[in-house]
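One structure below.
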Amino acid sequence: MANQSGAEAAYAIELKGISKAFGPVQANKDINIAVPKGTIHGIIGENGAGKSTLMSILYGFYKADAGQIFVNGQLTPIPDSQSAIRAGIGMVFQHFKLVQNFTVLENIILGAEEGQMLNTSLTKARKELERLARDYDLEVDPDALIEDLSVGHQQRVEILKALYRQADILILDEPTGVLTPDEADHLFRILKGLKEQGKTVILITHKLREIMEATDNVSVMRRGTMVATVKTAETSPEQLAELMVGRKVLLEVDKGTARPGEVVLKVEDLRVRDEHKVERLKGISFEIRAGEILGIAGVAGNGQSELLAALGGMQAATGTATLKGAPLPLSGAGSDGQSRRRSGIAHVPEDRHHHGLILDFTAWENVAFGYFNDPRYQKNALFMDNDAIRADTERKMAKFDVRPPIPTLAAKSFSGGNQQKIVVAREMEQNPALLLIGQPTRGVDIGAIEFIHKQIIALRDAGAAILLVSVELDEIMSLSDRIAVMFDGRIMGFRDPEKTDERELGLLMAGVTGKGEAA
Amino acid sequence: MDYATLLQLLDSTLRLATPLLLACLAGLYSERSGVFDIGLEGKMLVAAMCAGAVAFYTGSAWVGALAGIAGSLVFALIHGVTSITFRGNQLIAGVALNFLASGMTVLVAQYLFGQGGRTPPLEGAARFNPIDLPLSETLKGVPVIGPFYHEVISGHSILVYAAFAIVALTWWVLYRTRYGLRLRAVGENPAAVDTAGVSVPALRFSAVMVTGVLCGLAGAYMATALQAGFGKEMTAGRGYIALAALIFAKWRPIQAMWACLLFGFFQALATRPDIVEGIVQVKIPVSFIEALPYVLTVFVLAGFVGKAIPPRAGGEPYVKER
């Protein structure tokens, strides 16, 4: 056994020859990686490249089929999470492992209690928490219930949990997926603070910008193998993207100028109240022309979701709306999703898991959703023509490069990017007059992002009006022909993407108008 | 209704609430750990049969109670293996165990005693007999309080007092100990417990075993204290009423005690339709009073009395997510 005697080991973590298969799927294949102490090490790769599996092995959540783990130069078998915690490894999962109706303190001591009684543990944890908050800029109310905290604060609790267990090595799995840009920036400041205190951070992500911004070194994974480890300062986003995907990737969206035609959707004074009677949309007015993409920018939760829901027929609203001059009912009869689809509005919902797909159903069943009354899908008055749906699904899968192209596979068996392609294919292939599309590339890998963006542009050029909602400012800037910024249920202003920048949009997103006064 | 009648009513309330309370607390442990248990009824029935039979053979209520606990534990173990180890459907496993208990208890009792599925009547030390609390006779003369102490509080079997002690104990375990924290956590989010390095199956098994012990006590109480021997289907749906009380109490121990007392009161009323008739001046069918616990539970579930939110991970076998 390799046991580096005496000398201080240079690497916090060394993985040698790690392999792991789930049935026929080889998630990790002979992975070797060395993470120097006191650095922020990025692991980047497309969804399904095996990053999360690798880290779960390091945290003892899965057992590797083969390979060795060295922690601080010592061979350390990690059969379970308890061993990982003992070895000083802490993990912040993509989906937080917090008990929602427990307080912050209770969550922090869970599994790391001192003795049988709670009181002593709680007192000790409270003191320790104060110290950690001071040292690492990790303020959070110890007595708050998790369910009352914002996502950003919940993530801090996860980090505090790891630090409370005296983790020296902190693994973060896709930590910014759920954060606002501000919260993400704060997170990176925290991580840099941890590094300064001598901790080692492993950051798993598929966002190139974060890797370039925050890491010292970066390892790239592709299809279960480790393809390269480079110093961040000596690489570029283009090179990393190429390593990830295995081919050259266009990071910039290639789009010609828009040729707007007639007005397709005209909305005036649109208002929505939620179930607590709180007004979430406070009088929205805009129009979209054929062959034009209107991008809605804004921090999540400022009414964008309600706007999509109201137009998509998922939520009743007041105000007036017309589609190609014909009135569009906003509540009551004719305002449901079916009627919307019949009138030529397609909707790619923001949350594909809740509104876009039924994960346990097959791909072809999912392709029929919302369009099951389509005459092409009927055999006769009584029966649907499942063969026709399957054939249609096969065609759509081929066109949108869904992998694997198997219509009978359950939706949950596809990766996030391919799930999204199924939804996008279903909606776009109806040749809608108006496409509502929310967070088109959330949790989608780089190759698929490029593809979906191209399809959106192609649909625009074919003459559709497109309402694009996204919390990714880059996406809004590069796809939109016009940008509307939403804040607190209102549109703060319209901008031309050619004549604005992230700073100006960021101010509008924070509710500050051009003249400087707060709204 | 005079004071003496009220005291009688409260006395039988306590007596009838006890099996509900024990079963309800039993369910609390299992369900708080994320394992729904519709099989409380079956476990009580098995425990009642085991307790009745063994108490008859040994002449000791205590040995009978132990046998009841053992029988109930076997059923709890089957439920645990099915729903925790093999991740089966918890409700179906529970229902199956209820059916098994219903048939098997009668079969075994018939085989052993040949009295149509009953055990012979228990006498003397084979039953848990009433205990007179200290000073109960002396204080009898004190107005209002005295008779209440003498009639209602004093003169129950040890298991009645044990049931109420277990309420306090459960509260303390749940909210003041490490085990309680983990138990509540595993029913809400087992992944949080797993990533904290604590075994989810071990924790859930321990809870299901506690459920077995308490159901065992509930069953033993039925056969060796409330009544003198085991009879076919003697639990008569108490396992389900206990479950209703658990929902009514929103899975909290102190509230479970009040819920069981309320439901026990309804059961006591059902045995005295004359009292009800005397108060409301209308003849009320007994079955209506008996249905009250269920009606109340439906109201709770419909959200009229606050919201009853079950443990979030309840009913879901834990599988590490990929």
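Ligands are numbered from 1 in the order shown, residues from 1 within each chain, and chains are lettered A, B, ... in the order they appear in the structure tokens.
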**Request:** Please report, as a count of residues only, each residue of region 273-342 of chain A to which DSSP assigns strand (DSSP E or B) when run on this structure's backbone.
**Result:** 26
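Residues within 9 Å of Gly50 (chain A), counting only C-alpha atoms and excluding same-chain residues fewer than 3 positions away, are Gln26, Ala27, Asn28, Gly45, Glu46, Asn47, Thr53, Leu54, Met55, Met221, Arg222, Arg223, Gly224 and Thr225 of chain A.
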Write a file of the just-selected residues containing N, CA and C atoms, as an mmCIF file, in the first residue's frame.
```cif
data_model
loop_
_atom_site.group_PDB
_atom_site.id
_atom_site.type_symbol
_atom_site.label_atom_id
_atom_site.label_comp_id
_atom_site.auth_asym_id
_atom_site.auth_seq_id
_atom_site.Cartn_x
_atom_site.Cartn_y
_atom_site.Cartn_z
ATOM 1 N N GLN A 26 -21.597 2.319 -18.241
ATOM 2 C CA GLN A 26 -20.321 2.564 -17.582
ATOM 3 C C GLN A 26 -20.250 4.049 -17.236
ATOM 4 N N ALA A 27 -20.590 4.390 -15.984
ATOM 5 C CA ALA A 27 -20.656 5.802 -15.593
ATOM 6 C C ALA A 27 -19.269 6.393 -15.400
ATOM 7 N N ASN A 28 -18.352 5.608 -14.872
ATOM 8 C CA ASN A 28 -16.966 6.045 -14.698
ATOM 9 C C ASN A 28 -16.050 4.957 -15.212
ATOM 10 N N GLY A 45 -18.073 18.885 -17.365
ATOM 11 C CA GLY A 45 -18.463 17.851 -18.314
ATOM 12 C C GLY A 45 -19.935 18.015 -18.596
ATOM 13 N N GLU A 46 -20.400 17.417 -19.688
ATOM 14 C CA GLU A 46 -21.816 17.514 -20.022
ATOM 15 C C GLU A 46 -22.627 16.704 -19.012
ATOM 16 N N ASN A 47 -23.940 16.921 -19.016
ATOM 17 C CA ASN A 47 -24.790 16.094 -18.164
ATOM 18 C C ASN A 47 -24.619 14.643 -18.565
ATOM 19 N N THR A 53 -21.488 10.996 -10.378
ATOM 20 C CA THR A 53 -21.204 9.632 -9.938
ATOM 21 C C THR A 53 -19.847 9.572 -9.254
ATOM 22 N N LEU A 54 -18.854 10.214 -9.879
ATOM 23 C CA LEU A 54 -17.501 10.197 -9.338
ATOM 24 C C LEU A 54 -17.480 10.801 -7.936
ATOM 25 N N MET A 55 -18.167 11.930 -7.790
ATOM 26 C CA MET A 55 -18.161 12.594 -6.487
ATOM 27 C C MET A 55 -18.955 11.795 -5.457
ATOM 28 N N MET A 221 -14.448 15.941 -18.019
ATOM 29 C CA MET A 221 -14.933 14.571 -18.198
ATOM 30 C C MET A 221 -15.811 14.482 -19.429
ATOM 31 N N ARG A 222 -15.709 13.354 -20.100
ATOM 32 C CA ARG A 222 -16.593 13.115 -21.237
ATOM 33 C C ARG A 222 -16.938 11.638 -21.281
ATOM 34 N N ARG A 223 -18.206 11.348 -21.286
ATOM 35 C CA ARG A 223 -18.718 9.975 -21.369
ATOM 36 C C ARG A 223 -18.006 9.007 -20.439
ATOM 37 N N GLY A 224 -17.896 9.408 -19.161
ATOM 38 C CA GLY A 224 -17.365 8.498 -18.160
ATOM 39 C C GLY A 224 -15.855 8.456 -18.052
ATOM 40 N N THR A 225 -15.157 9.178 -18.926
ATOM 41 C CA THR A 225 -13.703 9.183 -18.818
ATOM 42 C C THR A 225 -13.209 10.583 -18.516
#
```
Helix (DSSP H, G or I) call set, DSSP backbone run, region 209-312 of chain B, as an mmCIF file with N, CA and C atoms, in the first residue's frame:
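Contents of part-v6.cif, freshly written:
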```cif
data_model
loop_
_atom_site.group_PDB
_atom_site.id
_atom_site.type_symbol
_atom_site.label_atom_id
_atom_site.label_comp_id
_atom_site.auth_asym_id
_atom_site.auth_seq_id
_atom_site.Cartn_x
_atom_site.Cartn_y
_atom_site.Cartn_z
ATOM 1 N N MET B 209 -39.859 -1.629 15.130
ATOM 2 C CA MET B 209 -39.824 -2.534 16.282
ATOM 3 C C MET B 209 -40.514 -1.900 17.496
ATOM 4 N N VAL B 210 -40.277 -0.607 17.706
ATOM 5 C CA VAL B 210 -40.973 0.077 18.806
ATOM 6 C C VAL B 210 -42.483 -0.023 18.579
ATOM 7 N N THR B 211 -42.874 0.164 17.329
ATOM 8 C CA THR B 211 -44.288 0.014 16.980
ATOM 9 C C THR B 211 -44.790 -1.374 17.379
ATOM 10 N N GLY B 212 -43.972 -2.370 17.115
ATOM 11 C CA GLY B 212 -44.346 -3.743 17.464
ATOM 12 C C GLY B 212 -44.562 -3.904 18.967
ATOM 13 N N VAL B 213 -43.643 -3.349 19.749
ATOM 14 C CA VAL B 213 -43.746 -3.469 21.206
ATOM 15 C C VAL B 213 -45.038 -2.804 21.706
ATOM 16 N N LEU B 214 -45.297 -1.589 21.228
ATOM 17 C CA LEU B 214 -46.465 -0.854 21.725
ATOM 18 C C LEU B 214 -47.775 -1.499 21.275
ATOM 19 N N CYS B 215 -47.800 -1.996 20.033
ATOM 20 C CA CYS B 215 -48.992 -2.721 19.580
ATOM 21 C C CYS B 215 -49.182 -3.966 20.429
ATOM 22 N N GLY B 216 -48.069 -4.589 20.810
ATOM 23 C CA GLY B 216 -48.125 -5.768 21.670
ATOM 24 C C GLY B 216 -48.795 -5.431 22.990
ATOM 25 N N LEU B 217 -48.404 -4.288 23.575
ATOM 26 C CA LEU B 217 -49.031 -3.860 24.828
ATOM 27 C C LEU B 217 -50.515 -3.584 24.626
ATOM 28 N N ALA B 218 -50.835 -2.936 23.499
ATOM 29 C CA ALA B 218 -52.236 -2.616 23.230
ATOM 30 C C ALA B 218 -53.068 -3.890 23.147
ATOM 31 N N GLY B 219 -52.526 -4.895 22.451
ATOM 32 C CA GLY B 219 -53.252 -6.159 22.295
ATOM 33 C C GLY B 219 -53.379 -6.899 23.617
ATOM 34 N N ALA B 220 -52.269 -6.904 24.375
ATOM 35 C CA ALA B 220 -52.288 -7.568 25.672
ATOM 36 C C ALA B 220 -53.320 -6.916 26.584
ATOM 37 N N TYR B 221 -53.418 -5.600 26.511
ATOM 38 C CA TYR B 221 -54.395 -4.890 27.327
ATOM 39 C C TYR B 221 -55.811 -5.326 26.961
ATOM 40 N N MET B 222 -56.049 -5.480 25.654
ATOM 41 C CA MET B 222 -57.380 -5.885 25.209
ATOM 42 C C MET B 222 -57.770 -7.235 25.829
ATOM 43 N N ALA B 223 -56.849 -8.220 25.781
ATOM 44 C CA ALA B 223 -57.206 -9.588 26.165
ATOM 45 C C ALA B 223 -57.071 -9.844 27.660
ATOM 46 N N THR B 224 -56.175 -9.121 28.324
ATOM 47 C CA THR B 224 -55.912 -9.474 29.728
ATOM 48 C C THR B 224 -56.273 -8.370 30.713
ATOM 49 N N ALA B 225 -56.775 -7.233 30.235
ATOM 50 C CA ALA B 225 -57.173 -6.185 31.171
ATOM 51 C C ALA B 225 -58.587 -5.697 30.877
ATOM 52 N N LEU B 226 -58.792 -5.214 29.638
ATOM 53 C CA LEU B 226 -60.113 -4.697 29.287
ATOM 54 C C LEU B 226 -61.133 -5.823 29.311
ATOM 55 N N ARG B 238 -60.094 -1.032 16.286
ATOM 56 C CA ARG B 238 -59.380 -0.040 17.099
ATOM 57 C C ARG B 238 -58.075 0.413 16.446
ATOM 58 N N GLY B 239 -57.452 -0.503 15.689
ATOM 59 C CA GLY B 239 -56.213 -0.130 14.997
ATOM 60 C C GLY B 239 -56.462 0.998 14.011
ATOM 61 N N TYR B 240 -57.627 0.976 13.386
ATOM 62 C CA TYR B 240 -57.944 2.022 12.406
ATOM 63 C C TYR B 240 -58.315 3.321 13.109
ATOM 64 N N ILE B 241 -59.052 3.184 14.243
ATOM 65 C CA ILE B 241 -59.387 4.405 14.988
ATOM 66 C C ILE B 241 -58.104 5.059 15.505
ATOM 67 N N ALA B 242 -57.143 4.225 15.935
ATOM 68 C CA ALA B 242 -55.868 4.752 16.417
ATOM 69 C C ALA B 242 -55.161 5.516 15.301
ATOM 70 N N LEU B 243 -55.260 4.967 14.104
ATOM 71 C CA LEU B 243 -54.650 5.619 12.938
ATOM 72 C C LEU B 243 -55.326 6.962 12.678
ATOM 73 N N ALA B 244 -56.658 6.945 12.816
ATOM 74 C CA ALA B 244 -57.403 8.195 12.652
ATOM 75 C C ALA B 244 -56.984 9.208 13.703
ATOM 76 N N ALA B 245 -56.801 8.727 14.944
ATOM 77 C CA ALA B 245 -56.364 9.623 16.017
ATOM 78 C C ALA B 245 -54.990 10.199 15.718
ATOM 79 N N LEU B 246 -54.148 9.377 15.117
ATOM 80 C CA LEU B 246 -52.785 9.813 14.788
ATOM 81 C C LEU B 246 -52.821 10.966 13.776
ATOM 82 N N ILE B 247 -53.706 10.826 12.795
ATOM 83 C CA ILE B 247 -53.860 11.890 11.796
ATOM 84 C C ILE B 247 -54.458 13.128 12.461
ATOM 85 N N PHE B 248 -55.491 12.883 13.288
ATOM 86 C CA PHE B 248 -56.154 13.955 14.027
ATOM 87 C C PHE B 248 -55.142 14.737 14.847
ATOM 88 N N PRO B 253 -47.287 13.493 19.885
ATOM 89 C CA PRO B 253 -47.678 12.608 20.993
ATOM 90 C C PRO B 253 -48.715 13.209 21.941
ATOM 91 N N ILE B 254 -48.521 14.449 22.392
ATOM 92 C CA ILE B 254 -49.462 15.006 23.371
ATOM 93 C C ILE B 254 -50.856 15.112 22.744
ATOM 94 N N GLN B 255 -50.873 15.616 21.513
ATOM 95 C CA GLN B 255 -52.145 15.741 20.810
ATOM 96 C C GLN B 255 -52.758 14.364 20.573
ATOM 97 N N ALA B 256 -51.896 13.352 20.374
ATOM 98 C CA ALA B 256 -52.400 11.986 20.177
ATOM 99 C C ALA B 256 -53.166 11.529 21.409
ATOM 100 N N MET B 257 -52.640 11.934 22.578
ATOM 101 C CA MET B 257 -53.316 11.551 23.819
ATOM 102 C C MET B 257 -54.719 12.167 23.865
ATOM 103 N N TRP B 258 -54.832 13.458 23.549
ATOM 104 C CA TRP B 258 -56.155 14.108 23.575
ATOM 105 C C TRP B 258 -57.075 13.488 22.529
ATOM 106 N N ALA B 259 -56.535 13.205 21.364
ATOM 107 C CA ALA B 259 -57.355 12.604 20.316
ATOM 108 C C ALA B 259 -57.899 11.258 20.778
ATOM 109 N N CYS B 260 -57.019 10.454 21.395
ATOM 110 C CA CYS B 260 -57.456 9.132 21.836
ATOM 111 C C CYS B 260 -58.476 9.242 22.965
ATOM 112 N N LEU B 261 -58.279 10.230 23.850
ATOM 113 C CA LEU B 261 -59.255 10.424 24.923
ATOM 114 C C LEU B 261 -60.610 10.806 24.331
ATOM 115 N N LEU B 262 -60.580 11.673 23.325
ATOM 116 C CA LEU B 262 -61.831 12.095 22.682
ATOM 117 C C LEU B 262 -62.525 10.896 22.028
ATOM 118 N N PHE B 263 -61.731 10.126 21.277
ATOM 119 C CA PHE B 263 -62.305 8.970 20.597
ATOM 120 C C PHE B 263 -62.755 7.919 21.609
ATOM 121 N N GLY B 264 -61.988 7.796 22.716
ATOM 122 C CA GLY B 264 -62.372 6.884 23.777
ATOM 123 C C GLY B 264 -63.694 7.318 24.414
ATOM 124 N N PHE B 265 -63.859 8.628 24.526
ATOM 125 C CA PHE B 265 -65.092 9.180 25.079
ATOM 126 C C PHE B 265 -66.283 8.813 24.188
ATOM 127 N N PHE B 266 -66.088 8.927 22.894
ATOM 128 C CA PHE B 266 -67.160 8.541 21.961
ATOM 129 C C PHE B 266 -67.509 7.065 22.134
ATOM 130 N N GLN B 267 -66.465 6.248 22.304
ATOM 131 C CA GLN B 267 -66.723 4.811 22.478
ATOM 132 C C GLN B 267 -67.484 4.548 23.778
ATOM 133 N N ALA B 268 -67.110 5.325 24.825
ATOM 134 C CA ALA B 268 -67.807 5.176 26.104
ATOM 135 C C ALA B 268 -69.273 5.587 25.950
ATOM 136 N N LEU B 269 -69.483 6.680 25.214
ATOM 137 C CA LEU B 269 -70.851 7.138 24.964
ATOM 138 C C LEU B 269 -71.654 6.075 24.234
ATOM 139 N N ALA B 270 -70.992 5.410 23.269
ATOM 140 C CA ALA B 270 -71.694 4.420 22.467
ATOM 141 C C ALA B 270 -72.193 3.259 23.322
ATOM 142 N N THR B 271 -71.522 3.032 24.466
ATOM 143 C CA THR B 271 -71.986 1.953 25.346
ATOM 144 C C THR B 271 -73.146 2.427 26.213
ATOM 145 N N PRO B 273 -76.128 4.585 25.311
ATOM 146 C CA PRO B 273 -77.012 5.419 24.483
ATOM 147 C C PRO B 273 -78.069 6.128 25.332
ATOM 148 N N ASP B 274 -78.363 5.555 26.505
ATOM 149 C CA ASP B 274 -79.388 6.167 27.362
ATOM 150 C C ASP B 274 -78.968 7.566 27.805
ATOM 151 N N ILE B 275 -77.659 7.749 28.059
ATOM 152 C CA ILE B 275 -77.176 9.057 28.501
ATOM 153 C C ILE B 275 -77.343 10.082 27.377
ATOM 154 N N VAL B 276 -76.931 9.675 26.184
ATOM 155 C CA VAL B 276 -77.027 10.584 25.037
ATOM 156 C C VAL B 276 -78.474 10.974 24.823
ATOM 157 N N GLU B 277 -79.345 9.991 24.900
ATOM 158 C CA GLU B 277 -80.759 10.260 24.682
ATOM 159 C C GLU B 277 -81.284 11.216 25.740
ATOM 160 N N GLY B 278 -80.792 11.028 26.969
ATOM 161 C CA GLY B 278 -81.220 11.882 28.060
ATOM 162 C C GLY B 278 -80.829 13.331 27.838
ATOM 163 N N ILE B 279 -79.697 13.551 27.186
ATOM 164 C CA ILE B 279 -79.221 14.923 26.981
ATOM 165 C C ILE B 279 -79.894 15.585 25.787
ATOM 166 N N VAL B 280 -79.904 14.906 24.634
ATOM 167 C CA VAL B 280 -80.419 15.565 23.432
ATOM 168 C C VAL B 280 -81.918 15.294 23.214
ATOM 169 N N VAL B 286 -76.662 4.146 17.913
ATOM 170 C CA VAL B 286 -75.322 3.901 18.458
ATOM 171 C C VAL B 286 -74.261 3.985 17.371
ATOM 172 N N SER B 287 -74.621 3.461 16.198
ATOM 173 C CA SER B 287 -73.619 3.429 15.128
ATOM 174 C C SER B 287 -73.214 4.843 14.716
ATOM 175 N N PHE B 288 -74.107 5.820 14.918
ATOM 176 C CA PHE B 288 -73.733 7.189 14.597
ATOM 177 C C PHE B 288 -72.636 7.676 15.535
ATOM 178 N N ILE B 289 -72.797 7.363 16.830
ATOM 179 C CA ILE B 289 -71.766 7.769 17.795
ATOM 180 C C ILE B 289 -70.459 7.057 17.487
ATOM 181 N N GLU B 290 -70.579 5.782 17.143
ATOM 182 C CA GLU B 290 -69.374 5.017 16.828
ATOM 183 C C GLU B 290 -68.659 5.558 15.597
ATOM 184 N N ALA B 291 -69.420 6.198 14.720
ATOM 185 C CA ALA B 291 -68.817 6.698 13.478
ATOM 186 C C ALA B 291 -68.124 8.042 13.682
ATOM 187 N N LEU B 292 -68.425 8.690 14.831
ATOM 188 C CA LEU B 292 -67.891 10.041 15.039
ATOM 189 C C LEU B 292 -66.370 10.174 14.846
ATOM 190 N N PRO B 293 -65.559 9.248 15.396
ATOM 191 C CA PRO B 293 -64.112 9.399 15.190
ATOM 192 C C PRO B 293 -63.752 9.502 13.710
ATOM 193 N N TYR B 294 -64.403 8.697 12.903
ATOM 194 C CA TYR B 294 -64.079 8.695 11.476
ATOM 195 C C TYR B 294 -64.539 9.980 10.818
ATOM 196 N N VAL B 295 -65.739 10.438 11.234
ATOM 197 C CA VAL B 295 -66.247 11.692 10.674
ATOM 198 C C VAL B 295 -65.275 12.823 10.989
ATOM 199 N N LEU B 296 -64.845 12.862 12.262
ATOM 200 C CA LEU B 296 -63.891 13.904 12.659
ATOM 201 C C LEU B 296 -62.616 13.828 11.849
ATOM 202 N N THR B 297 -62.129 12.598 11.627
ATOM 203 C CA THR B 297 -60.885 12.430 10.883
ATOM 204 C C THR B 297 -61.032 12.936 9.447
ATOM 205 N N VAL B 298 -62.192 12.663 8.865
ATOM 206 C CA VAL B 298 -62.422 13.156 7.508
ATOM 207 C C VAL B 298 -62.366 14.687 7.490
ATOM 208 N N PHE B 299 -62.963 15.300 8.541
ATOM 209 C CA PHE B 299 -62.912 16.760 8.630
ATOM 210 C C PHE B 299 -61.464 17.249 8.698
ATOM 211 N N VAL B 300 -60.657 16.549 9.498
ATOM 212 C CA VAL B 300 -59.259 16.957 9.633
ATOM 213 C C VAL B 300 -58.540 16.822 8.303
ATOM 214 N N LEU B 301 -58.751 15.687 7.652
ATOM 215 C CA LEU B 301 -58.063 15.451 6.383
ATOM 216 C C LEU B 301 -58.508 16.450 5.323
#
```
**Message:** Residues of chain B within 10 Å of chain A, counting only C-alpha atoms, what are they? List them as a PyMOL selection string.
**Reply:** chain B and resi 173+175-182+184-199+311-312+320-322
Just to be explicit: take each residue in the selection above, keep N, CA and C atoms, and write the result as a tab-separated table (two decimals), in the first residue's frame.
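Contents of the output file result19.tsv:
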```tsv
chain	number	residue	atom	x	y	z
B	173	VAL	N	-38.58	11.62	24.04
B	173	VAL	CA	-37.70	10.95	23.07
B	173	VAL	C	-37.70	11.71	21.75
B	175	TYR	N	-38.51	14.86	20.99
B	175	TYR	CA	-38.05	16.25	20.89
B	175	TYR	C	-36.80	16.56	21.70
B	176	ARG	N	-36.34	15.65	22.51
B	176	ARG	CA	-35.22	15.98	23.36
B	176	ARG	C	-34.01	15.05	23.18
B	177	THR	N	-34.16	14.01	22.37
B	177	THR	CA	-33.03	13.09	22.25
B	177	THR	C	-32.56	13.00	20.80
B	178	ARG	N	-31.33	12.51	20.68
B	178	ARG	CA	-30.72	12.31	19.37
B	178	ARG	C	-31.55	11.35	18.53
B	179	TYR	N	-32.02	10.29	19.18
B	179	TYR	CA	-32.81	9.31	18.44
B	179	TYR	C	-34.06	9.96	17.85
B	180	GLY	N	-34.69	10.82	18.65
B	180	GLY	CA	-35.91	11.48	18.19
B	180	GLY	C	-35.64	12.39	17.00
B	181	LEU	N	-34.55	13.12	17.06
B	181	LEU	CA	-34.18	14.02	15.96
B	181	LEU	C	-34.02	13.22	14.67
B	182	ARG	N	-33.29	12.12	14.81
B	182	ARG	CA	-33.04	11.29	13.62
B	182	ARG	C	-34.33	10.65	13.12
B	184	ARG	N	-37.42	11.82	13.42
B	184	ARG	CA	-38.23	12.81	12.72
B	184	ARG	C	-37.62	13.13	11.36
B	185	ALA	N	-36.27	13.16	11.32
B	185	ALA	CA	-35.60	13.50	10.07
B	185	ALA	C	-35.81	12.42	9.02
B	186	VAL	N	-35.75	11.18	9.44
B	186	VAL	CA	-35.80	10.10	8.45
B	186	VAL	C	-37.19	9.98	7.82
B	187	GLY	N	-38.20	10.44	8.55
B	187	GLY	CA	-39.54	10.43	7.98
B	187	GLY	C	-39.78	11.61	7.07
B	188	GLU	N	-38.98	12.65	7.22
B	188	GLU	CA	-39.15	13.84	6.40
B	188	GLU	C	-38.26	13.79	5.17
B	189	ASN	N	-37.01	13.45	5.36
B	189	ASN	CA	-36.06	13.42	4.25
B	189	ASN	C	-34.96	12.41	4.53
B	190	PRO	N	-35.19	11.15	4.16
B	190	PRO	CA	-34.21	10.11	4.46
B	190	PRO	C	-32.84	10.38	3.83
B	191	ALA	N	-32.83	11.10	2.70
B	191	ALA	CA	-31.55	11.40	2.05
B	191	ALA	C	-30.68	12.26	2.97
B	192	ALA	N	-31.31	13.14	3.75
B	192	ALA	CA	-30.54	13.98	4.67
B	192	ALA	C	-29.88	13.11	5.74
B	193	VAL	N	-30.61	12.11	6.19
B	193	VAL	CA	-30.07	11.21	7.21
B	193	VAL	C	-28.96	10.36	6.62
B	194	ASP	N	-29.19	9.88	5.42
B	194	ASP	CA	-28.21	9.02	4.75
B	194	ASP	C	-26.90	9.76	4.52
B	195	THR	N	-27.00	10.98	3.99
B	195	THR	CA	-25.77	11.73	3.71
B	195	THR	C	-25.09	12.19	5.00
B	196	ALA	N	-25.84	12.22	6.10
B	196	ALA	CA	-25.21	12.57	7.37
B	196	ALA	C	-24.50	11.35	7.95
B	197	GLY	N	-24.54	10.23	7.25
B	197	GLY	CA	-23.80	9.06	7.68
B	197	GLY	C	-24.57	8.17	8.64
B	198	VAL	N	-25.88	8.29	8.68
B	198	VAL	CA	-26.70	7.44	9.55
B	198	VAL	C	-27.49	6.48	8.67
B	199	SER	N	-27.56	5.22	9.08
B	199	SER	CA	-28.23	4.21	8.27
B	199	SER	C	-29.74	4.40	8.29
B	311	PRO	N	-45.71	12.96	7.60
B	311	PRO	CA	-44.27	13.00	7.35
B	311	PRO	C	-44.02	12.89	5.84
B	312	ARG	N	-43.18	13.79	5.34
B	312	ARG	CA	-43.08	13.95	3.89
B	312	ARG	C	-42.58	12.71	3.16
B	320	LYS	N	-31.50	5.24	-2.83
B	320	LYS	CA	-30.51	6.27	-3.15
B	320	LYS	C	-30.73	6.73	-4.57
B	321	GLU	N	-30.83	8.03	-4.76
B	321	GLU	CA	-31.11	8.50	-6.11
B	321	GLU	C	-29.84	8.51	-6.94
B	322	ARG	N	-30.04	8.32	-8.23
B	322	ARG	CA	-28.88	8.33	-9.13
B	322	ARG	C	-28.64	9.73	-9.62
```
**Asked** Neighbours of Val264 (chain A) within 7 Å (only C-alpha atoms; same-chain residues fewer than 2 positions away dropped), as an MDAnalysis selection string?
**Response** chainID A and resid 262 266 288:290 323:324 465
**Message:** I'd like the contact shell of region 68-78 of chain A - 8 Å cut-off, only C-alpha atoms, skipping same-chain residues fewer than 3 positions apart - returned as a ChimeraX atom specification.
**Reply:** /A:1-4,9-18,57-60,63,81,83-84,87
**Message:** Residues near region 448-451 of chain A, anyone? I mean within 9 Å using only C-alpha atoms, not counting same-chain ones fewer than 3 positions away, as a count of residues only.
**Reply:** 19
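Every protein, DNA or RNA residue with an atom at most 7 Å from Lys412 (chain A), where only C-alpha atoms count and chain neighbours fewer than 2 positions away do not, is listed here: Leu359, Asp360, Ala410 and Phe414 of chain A.
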Would you mind exporting the chosen residues as a PDB file, in the first residue's frame, restricted to N, CA and C atoms?
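That gives us again_37.pdb:
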```pdb
ATOM      1  N   LEU A 359     -42.621  11.836 -16.325  1.00  0.00           N
ATOM      2  CA  LEU A 359     -41.339  11.134 -16.413  1.00  0.00           C
ATOM      3  C   LEU A 359     -41.491   9.624 -16.509  1.00  0.00           C
ATOM      4  N   ASP A 360     -42.545   9.087 -15.902  1.00  0.00           N
ATOM      5  CA  ASP A 360     -42.713   7.634 -15.919  1.00  0.00           C
ATOM      6  C   ASP A 360     -43.321   7.131 -17.226  1.00  0.00           C
ATOM      7  N   ALA A 410     -38.842   5.264 -21.316  1.00  0.00           N
ATOM      8  CA  ALA A 410     -39.493   6.210 -20.390  1.00  0.00           C
ATOM      9  C   ALA A 410     -38.763   7.550 -20.411  1.00  0.00           C
ATOM     10  N   PHE A 414     -34.024   9.494 -20.121  1.00  0.00           N
ATOM     11  CA  PHE A 414     -33.207  10.380 -20.944  1.00  0.00           C
ATOM     12  C   PHE A 414     -32.468  11.365 -20.040  1.00  0.00           C
TER      13      PHE A 414
END
```
